[in-house]
Protein chains: 2
Amino acid sequence: MAEPKTKRGQIRRAKILAAAETVMGDQGFSAASIAEITRLADTALGTFYVYFTSKEQVFRELVLEMGRITRAIVGEAISDAPDRLSAERAGLEAFLRFVAERPQLYRIVEEARFVDPEAYRDYFWHFGQAYTLGLREAQKRGEISAGDPEVRAYALMGISKALGDRYVLWEETPDIERVVEEAHKMICHGLAP
Amino acid sequence: MAEPKTKRGQIRRAKILAAAETVMGDQGFSAASIAEITRLADTALGTFYVYFTSKEQVFRELVLEMGRITRAIVGEAISDAPDRLSAERAGLEAFLRFVAERPQLYRIVEEARFVDPEAYRDYFWHFGQAYTLGLREAQKRGEISAGDPEVRAYALMGISKALGDRYVLWEETPDIERVVEEAHKMICHGLAP
């Protein structure tokens, strides 16, 4: 479905998408109804179908949006980093702050594993490819030690996800700075004494 | 619901549970039907209710089972390890081999995030507690460097999960040995050059 051409159309579409993020993120894909999404977006039910073909499509759009935003936020956060280790730290912090701000979007990506496995895999695949490339380049520049960049990329993504679960979603008042500090020490130096 | 007292009852209950693992792991919780589970278990539909009260309960049993088995398998794998770093390696390898053998059980735990959030959280919470304790003790013995043991426990669980996704579930013929080797280097020494 094409993007709406008028400003008004774009705003209405974005409103529906934002409402879908809230409703699907809170209730899960199955329980979320288009009626509730349009009600929250302050729009007539039929308007939904001007912009989206189905609940599945709006869900997939949200997964794609999460991919775009995460890449943009992490990319922005690491753009000023003087080296790769600083970039890892900045990227992890930016990711955790984003999870705190938009927990529903995080949950939607995780639910994609079941609702839309292709979108789920694409999300991590693209992120993993870019991450791998970044680590490979850093290795060439001597900013990090030698090691398979793809295994490391997935390991690092796993760390971010698990810390997002434990220290952001499960906490009333996440102490992101402390968690990043501790995790970063381990990411840089490992567990060896 | 009490465990069945007769050997025959225990076998039948285990058969239903195994069938539920296959059906729910393949199709997801919503699509899985009790009729299909009992068909696969070669049991009458009504027999299901002799052992379980609902689809929700059998799902929760599977999450609990995943917890028990993972703890047992990882515990067994690390019991002979001479020190904590060797234990980390053995534990990661045992976990990935288990994911390769029982991919459905892995998927069921992930789906618990949506189907039974309490069971999901309990699973990681208990695992995280035991992991944290193990790392704290190892730190006291000087086998690993200093650092917050809980943050590290969750980071390490995140690594295992992400590598299980990428290198076991997404691969036709997983090369677990290589992945463990590479991940272990990073876990021991980090990325610092």
# chains A, B, ... in the order shown; residues from 1 in each chain; ligands from 1
call {"tool": "select_by_dssp", "arguments": {"residues": "stretch 6-74 of chain B", "states": "helix (DSSP H, G or I)", "output": "ChimeraX atom specification"}}
result
/B:7-27,34-40,45-51,55-74
call {"tool": "write_last_selection", "arguments": {"atoms": "C-alpha atoms", "output": "short mmCIF file (atom, residue, chain, number, x, y, z; two decimals), in the first residue's frame"}}
result
data_model
loop_
_atom_site.label_atom_id
_atom_site.label_comp_id
_atom_site.auth_asym_id
_atom_site.auth_seq_id
_atom_site.Cartn_x
_atom_site.Cartn_y
_atom_site.Cartn_z
CA LYS B 7 3.24 -46.24 36.41
CA ARG B 8 0.75 -46.46 33.56
CA GLY B 9 -0.70 -43.08 34.47
CA GLN B 10 2.73 -41.50 34.61
CA ILE B 11 3.59 -42.86 31.19
CA ARG B 12 0.35 -41.60 29.69
CA ARG B 13 0.82 -38.15 31.21
CA ALA B 14 4.39 -37.99 29.88
CA LYS B 15 3.16 -39.02 26.42
CA ILE B 16 0.59 -36.21 26.40
CA LEU B 17 3.24 -33.74 27.55
CA ALA B 18 5.64 -34.86 24.82
CA ALA B 19 2.89 -34.53 22.21
CA ALA B 20 2.04 -31.06 23.53
CA GLU B 21 5.70 -30.06 23.20
CA THR B 22 5.64 -31.05 19.52
CA VAL B 23 2.26 -29.53 18.65
CA MET B 24 2.65 -26.31 20.65
CA GLY B 25 6.28 -25.92 19.65
CA ASP B 26 5.44 -26.31 15.96
CA GLN B 27 2.17 -24.38 15.76
CA ILE B 34 -6.05 -30.46 22.58
CA ALA B 35 -7.60 -32.77 19.95
CA GLU B 36 -4.37 -32.76 17.98
CA ILE B 37 -2.24 -33.25 21.07
CA THR B 38 -4.20 -36.30 22.18
CA ARG B 39 -4.25 -37.67 18.63
CA LEU B 40 -0.46 -37.46 18.50
CA LEU B 45 -9.48 -36.69 23.96
CA GLY B 46 -11.11 -37.09 27.38
CA THR B 47 -7.94 -38.61 28.82
CA PHE B 48 -6.27 -35.22 28.53
CA TYR B 49 -8.49 -33.93 31.33
CA VAL B 50 -7.53 -36.78 33.63
CA TYR B 51 -4.02 -35.27 33.79
CA LYS B 55 -4.30 -26.03 27.45
CA GLU B 56 -2.89 -23.23 29.60
CA GLN B 57 -1.87 -25.70 32.27
CA VAL B 58 -0.10 -28.07 29.90
CA PHE B 59 1.73 -25.08 28.43
CA ARG B 60 2.88 -23.96 31.86
CA GLU B 61 4.03 -27.51 32.61
CA LEU B 62 6.20 -27.37 29.51
CA VAL B 63 7.77 -24.09 30.59
CA LEU B 64 8.48 -25.59 34.02
CA GLU B 65 9.90 -28.68 32.35
CA MET B 66 12.19 -26.53 30.20
CA GLY B 67 13.41 -24.87 33.39
CA ARG B 68 14.08 -28.19 35.11
CA ILE B 69 15.81 -29.74 32.11
CA THR B 70 17.95 -26.69 31.32
CA ARG B 71 19.11 -26.42 34.92
CA ALA B 72 19.80 -30.18 35.03
CA ILE B 73 21.66 -30.28 31.72
CA VAL B 74 23.74 -27.18 32.37
#
call {"tool": "residues_around", "arguments": {"residues": "A:Glu181", "least_positions_apart": "2", "cutoff": "12 Å", "atoms": "only C-alpha atoms", "output": "list in words"}}
result
Ser86, Glu88, Arg89, Ala90, Leu92, Glu93, Asp175, Ile176, Glu177, Arg178, Val179, Ala183, His184, Lys185, Met186, Ile187 and Cys188 of chain A; Gly147, Asp148, Val151 and Arg152 of chain B
call {"tool": "atom_distance", "arguments": {"atom1": "atom CA of B:Pro174", "atom2": "atom CA of A:Arg136"}}
result
22.3 Å
call {"tool": "interface_residues", "arguments": {"of": "chain A", "to": "chain B", "cutoff": "6 Å", "atoms": "only C-alpha atoms", "output": "PyMOL selection string"}}
result
chain A and resi 144-145+154-155+158-159+162+187-193
call {"tool": "atom_distance", "arguments": {"atom1": "atom CA of A:Leu169", "atom2": "atom CA of A:Val99"}}
result
7.7 Å
call {"tool": "atom_distance", "arguments": {"atom1": "atom CA of A:Ile78", "atom2": "atom CA of A:Ala119"}}
result
25.4 Å
